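Enquirer: Below is the structure I would like to discuss, written out as C-alpha cells.
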Amino acid sequence: MCVEAVPPPSSSLTRRGILAGAAALAGTMAVAGAAPASAADGSPAAGPRPGGASGGDLVIEGGTLLDPATGEVTEDAVVVITDGVVRAAGRRGSVTVPQGVPVLDAHGRWLLPGLVDAHIHLSTAAEAADAVRKGATSTRSGSTSFYQDIAVRELARHSPALAPRVRAAGVFVTPNLGETLLADPDLTPLVRLKDGVRSAEALRRVVEVNLARGVDVVKTRVNERAGVPEQDPLAQVYSREQLAEIVAAARKGGKGVLCHSYSERGCHDAVTAGIRSLEHGAFVGERTLHEMRRRGTYFTPTLAAIAGMIDSPNPVLAERGRTYLPVLKRAVLAAHELGVPLAAGTDSSGGTVRPIGREVELMREAGLPALDAIRTATTGAARLLGLERTAGRLARGYAGDVVVLDRDPLADVTALKQPVRVVRAGTPV
Ligand SMILES: [Zn+2]
C-alpha cells in the first residue's frame, strides 16, 4: 500500500480552483475599469456592497489628528466619513462639513487611523468584535482551524462594526493537520500520509485547497512552537526546499507566505525560500536581517505574545518568555536600524484578544521612536497587507476607521492600548 502518494484532487477542488481564478480575474477587471478607490474593506474585488452600503456617515470634530505617514499633527481637526470612507480630513475651516450627519465630538482627544494587527487568530465572532473594540480595525490572519477567518472576513463586509477587515490565511500548512483534516473534504485524504504533510505534492495540496477557499495569504512554519512546553521552538519542521515549494504554490495563486520562525537557521531558510513575512523570529541573526532588507521581507515579531508567556503558570513557558523577550527586542531594534520593515501583531488566539496597542508599546520599549512604533501598526502593517490605500491613514479615500485616544500617543504610546472610542467604517463601535 502506498501511503505517501496524495490521492488525486476531487473534481470539486479543480472546479473551485477555476471559480476562484475567475473571481480573481473579475476583480482585476473591475479595478481596471470604473471601480471607485473607496472600497472600505480594501478588497480589490469588492465592487458594490451586497445589500447596499454597509459603512456609516459620521463627522468627527475637534480632535488632534496625527497622520502616521508624515508625522504631521493637525489641531482642531475635522474628519468627514461618508458610506464608511473618509471624504475629507483636515483643519476646521479647510473641510466642508455636510449637514444632517451624526457628529462625534473629539475635543481634547487625539485621532489616529484604525490600527492594524498583522498577526491574529480570529476563530469566533466574539474575538472579531473584541479586536475591533481594542482598536484593530484591519487584521491579517495567522490561520484558523476551519476557515473561520474567511467567514469573519465576510462578516466584516456585511457589518463592519462587528469585525475588522481581514486578510485570511485559511488553514495552517503544517506537517500534522490534526482536526483540520476535517476542515475541507479535499484535506481529508491527507490522513493517509504516515509522515504528515511533507512531500511537495502534499504541501501543494494544502496550499491549493486554501486558494480554492479564497485565502488572501498562506501561513506556514519552519520551527516548532514556543507556546507549547513539550515542543522545542528551535527544532526545524520544514526545510528550505519544502518552504520554497509552499512559496511557489502560493505565488501561483498570487499570494504571499507568512512563516512562523524562531531559530536563526530556520529564519534564514524561510527568508531565502521567498516568504513575505517572518513571524516571531526571536533568534533571527544579522545575515538574515540583511537578506530581509535586500528582499523587502517584513518582520512581525509578535512581542506581545512572547511577553505574555512570562505570566504563564507553566514554568517552562515562563522561563522561555523571560529568555526570549530581551533577545527579540534586540532583534527588533537591529531590524529597524537596518531598514527591515516591521509590522505589529499580537498573535492573539484562544478567546483572549490582546490590544494591538500593547505591541506598539513593546516596539517602543525595544527602542523604536514613538512615531516609528506607531507606524508598525498603521502605515507599515497596512503596506504588508496590501492595504496601503485603505488603512493606516485618515485621508480622502481611506477607510473611515478611527481610534480616539485620551492623550498624545507621540508622548505616550500606551494611549493606544485603551482607545476611548473606536470608529469602524464610519460607525462608532
Ligand atoms: Zn500565530
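Please note that chains go A, B, ... in the order of the C-alpha cells, that every chain numbers its residues from 1, and that ligands are numbered from 1 in the order shown.
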Pick out the residues sitting within 6 Å of stretch 408-414 of chain A, and hand them over as JSON, numbers by chain; count only C-alpha atoms, and ignore anything fewer than 3 positions along from it in its own chain.
Expert: {"A": [361, 370, 417]}
Enquirer: Output the selection as a PDB file, in the first residue's frame - N, CA and C atoms for each residue.
Expert:
```pdb
ATOM      1  N   GLU A 361       3.466  49.398  22.219  1.00  0.00           N
ATOM      2  CA  GLU A 361       4.191  49.720  23.456  1.00  0.00           C
ATOM      3  C   GLU A 361       5.516  48.947  23.522  1.00  0.00           C
ATOM      4  N   ALA A 370       8.727  56.864  18.961  1.00  0.00           N
ATOM      5  CA  ALA A 370       7.269  56.692  19.081  1.00  0.00           C
ATOM      6  C   ALA A 370       6.568  56.654  17.719  1.00  0.00           C
ATOM      7  N   LYS A 417      -3.264  51.485  23.868  1.00  0.00           N
ATOM      8  CA  LYS A 417      -3.785  50.230  24.443  1.00  0.00           C
ATOM      9  C   LYS A 417      -5.244  50.341  24.845  1.00  0.00           C
TER      10      LYS A 417
END
```
Enquirer: Excluding A:Thr376 and residues on its chain fewer than 6 positions from it, collect all residues at most 12 Å away from it, counting only C-alpha atoms, and give them as an MDAnalysis selection string.
Expert: chainID A and resid 68:69 115:118 298:302 332 336 340:346 356:364 368:370 382:385 392
Enquirer: Kindly compile the residues surrounding ligand 1 within 8 Å, counting only C-alpha atoms and all ligand atoms, and format them as a list of chain:residue names.
Expert: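 Taking only C-alpha atoms and all ligand atoms into account, the residues around ligand 1 at most 8 Å away are A:His119, A:Ile120, A:His121, A:Gly142, A:Ser143, A:His260, A:Glu279, A:Asp347, A:Ser348, A:Ser349.
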Enquirer: Put those residues in a file: N, CA and C atoms, as a compact mmCIF listing (two decimals), in the first residue's frame.
Expert:
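File produced: part.txt:
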```
# COMPACT_ATOMS: atom_id res chain seq x y z
N HIS A 119 -0.93 39.94 12.81
CA HIS A 119 -0.87 38.51 13.14
C HIS A 119 -1.85 38.23 14.27
N ILE A 120 -2.99 37.70 13.90
CA ILE A 120 -4.02 37.40 14.91
C ILE A 120 -4.83 36.20 14.42
N HIS A 121 -5.32 35.41 15.36
CA HIS A 121 -6.13 34.24 15.01
C HIS A 121 -7.56 34.52 15.43
N GLY A 142 -3.41 34.71 11.18
CA GLY A 142 -2.30 33.77 11.30
C GLY A 142 -2.78 32.34 11.17
N SER A 143 -3.90 32.14 10.50
CA SER A 143 -4.58 30.86 10.24
C SER A 143 -5.64 30.55 11.30
N HIS A 260 5.97 31.16 10.53
CA HIS A 260 6.29 31.03 11.96
C HIS A 260 7.73 30.54 12.08
N GLU A 279 7.48 35.65 11.05
CA GLU A 279 6.67 35.79 12.26
C GLU A 279 7.45 35.29 13.48
N ASP A 347 -0.57 38.09 17.84
CA ASP A 347 -0.70 36.63 17.89
C ASP A 347 -1.78 36.21 18.90
N SER A 348 -2.80 37.04 19.03
CA SER A 348 -3.90 36.68 19.94
C SER A 348 -4.61 35.44 19.40
N SER A 349 -5.04 34.57 20.31
CA SER A 349 -5.81 33.38 19.91
C SER A 349 -6.50 32.81 21.13
```
Enquirer: Would you please extract all strand (DSSP E) residues from stretch 93-338 of chain A, as assigned by DSSP on the backbone, and give them as a ChimeraX atom specification?
Expert: /A:103-105,110-113,115-120,136-141,165-167,217-221,256-261,277-280,298-300
Enquirer: Given the choices A:Val6, A:Leu338, A:Val217, A:Leu371, which gets closest to A:Ala200 if the distance is worked out from only C-alpha atoms?
Expert: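 Ranked by minimum distance to A:Ala200, first place goes to A:Val6.
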Enquirer: Please list as a list in words every residue within 8 Å of A:Gly84, counting only C-alpha atoms and excluding residues in the same chain fewer than 6 positions away.
Expert: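 Counting only C-alpha atoms, the residues come to Ala40, Ser54, Gly55, Gly56, Asp57, Ala399, Gly400, Asp401, Arg424, Ala425, Gly426 and Thr427 of chain A.
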Enquirer: Using the selection just defined, write its residues with C-alpha atoms as a PDB file, in the first residue's frame.
Expert:
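Once written, selection_38.pdb looks like this:
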```pdb
ATOM      1  CA  ALA A  40     -13.942  50.380   2.652  1.00  0.00           C
ATOM      2  CA  SER A  54     -22.561  48.848   4.988  1.00  0.00           C
ATOM      3  CA  GLY A  55     -20.462  51.834   6.025  1.00  0.00           C
ATOM      4  CA  GLY A  56     -21.843  54.737   8.025  1.00  0.00           C
ATOM      5  CA  ASP A  57     -21.782  58.536   7.804  1.00  0.00           C
ATOM      6  CA  ALA A 399     -11.402  53.702   5.221  1.00  0.00           C
ATOM      7  CA  GLY A 400     -13.372  55.557   7.876  1.00  0.00           C
ATOM      8  CA  ASP A 401     -11.713  53.590  10.679  1.00  0.00           C
ATOM      9  CA  ARG A 424     -15.246  51.274  12.175  1.00  0.00           C
ATOM     10  CA  ALA A 425     -16.265  52.245   8.624  1.00  0.00           C
ATOM     11  CA  GLY A 426     -17.964  55.378   9.909  1.00  0.00           C
ATOM     12  CA  THR A 427     -19.853  53.615  12.716  1.00  0.00           C
TER      13      THR A 427
END
```
Enquirer: Go through A:Thr188, A:Gln99, A:Val215, A:Asp105 and flag the residue nearest A:Glu154, using only C-alpha atoms for the distances.
Expert: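 Ranking A:Thr188, A:Gln99, A:Val215, A:Asp105 by distance to A:Glu154, first place goes to A:Val215.
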Enquirer: What gap, in Å, lies between atom CA of A:Ile246 and atom CA of A:Val207?
Expert: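 Computing the Euclidean distance for atom CA of A:Ile246 and atom CA of A:Val207 yields 7.0 Å.
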Enquirer: Contacts of A:Arg225 at 12 Å or less, counting only C-alpha atoms, minus same-chain residues fewer than 2 places along, as a ChimeraX atom specification?
Expert: /A:174,220-223,227-237,259-263,279-282,305-306,317,320
Enquirer: Have a look at A:Arg396, A:Arg198, A:Arg322, A:Arg330 and name the one nearest to A:Val79; count only C-alpha atoms.
Expert: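 Closest residue, counting only C-alpha atoms: A:Arg396.
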Enquirer: Residues near A:Ala202, anyone? I mean within 9 Å using only C-alpha atoms, not counting same-chain ones fewer than 5 positions away, as number ranges by chain.
Expert: A: 4-6, 190, 193, 196-197, 207
Enquirer: Output the selection as a compact mmCIF listing (two decimals), in the first residue's frame - C-alpha atoms for each residue.
Expert:
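The result, written out as result-v2.txt:
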```
# COMPACT_ATOMS: atom_id res chain seq x y z
CA GLU A 4 2.90 8.55 0.69
CA ALA A 5 1.08 9.44 -2.51
CA VAL A 6 -1.58 12.09 -2.24
CA LEU A 190 -4.10 13.50 3.64
CA LEU A 193 0.18 10.15 4.82
CA GLY A 196 2.14 14.01 7.51
CA VAL A 197 2.21 16.94 5.09
CA VAL A 207 -1.99 25.44 -0.41
```
Enquirer: What separation in Å, quoted to one decimal, exists between atom CA of A:Thr64 and atom CA of A:Pro160?
Expert: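 Going from atom CA of A:Thr64 over to atom CA of A:Pro160 covers 24.7 Å.
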Enquirer: So how far away is atom CA of A:Ala244 from atom CA of A:Pro7, in Å?
Expert: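 Here the two named atoms are 22.2 Å from each other.
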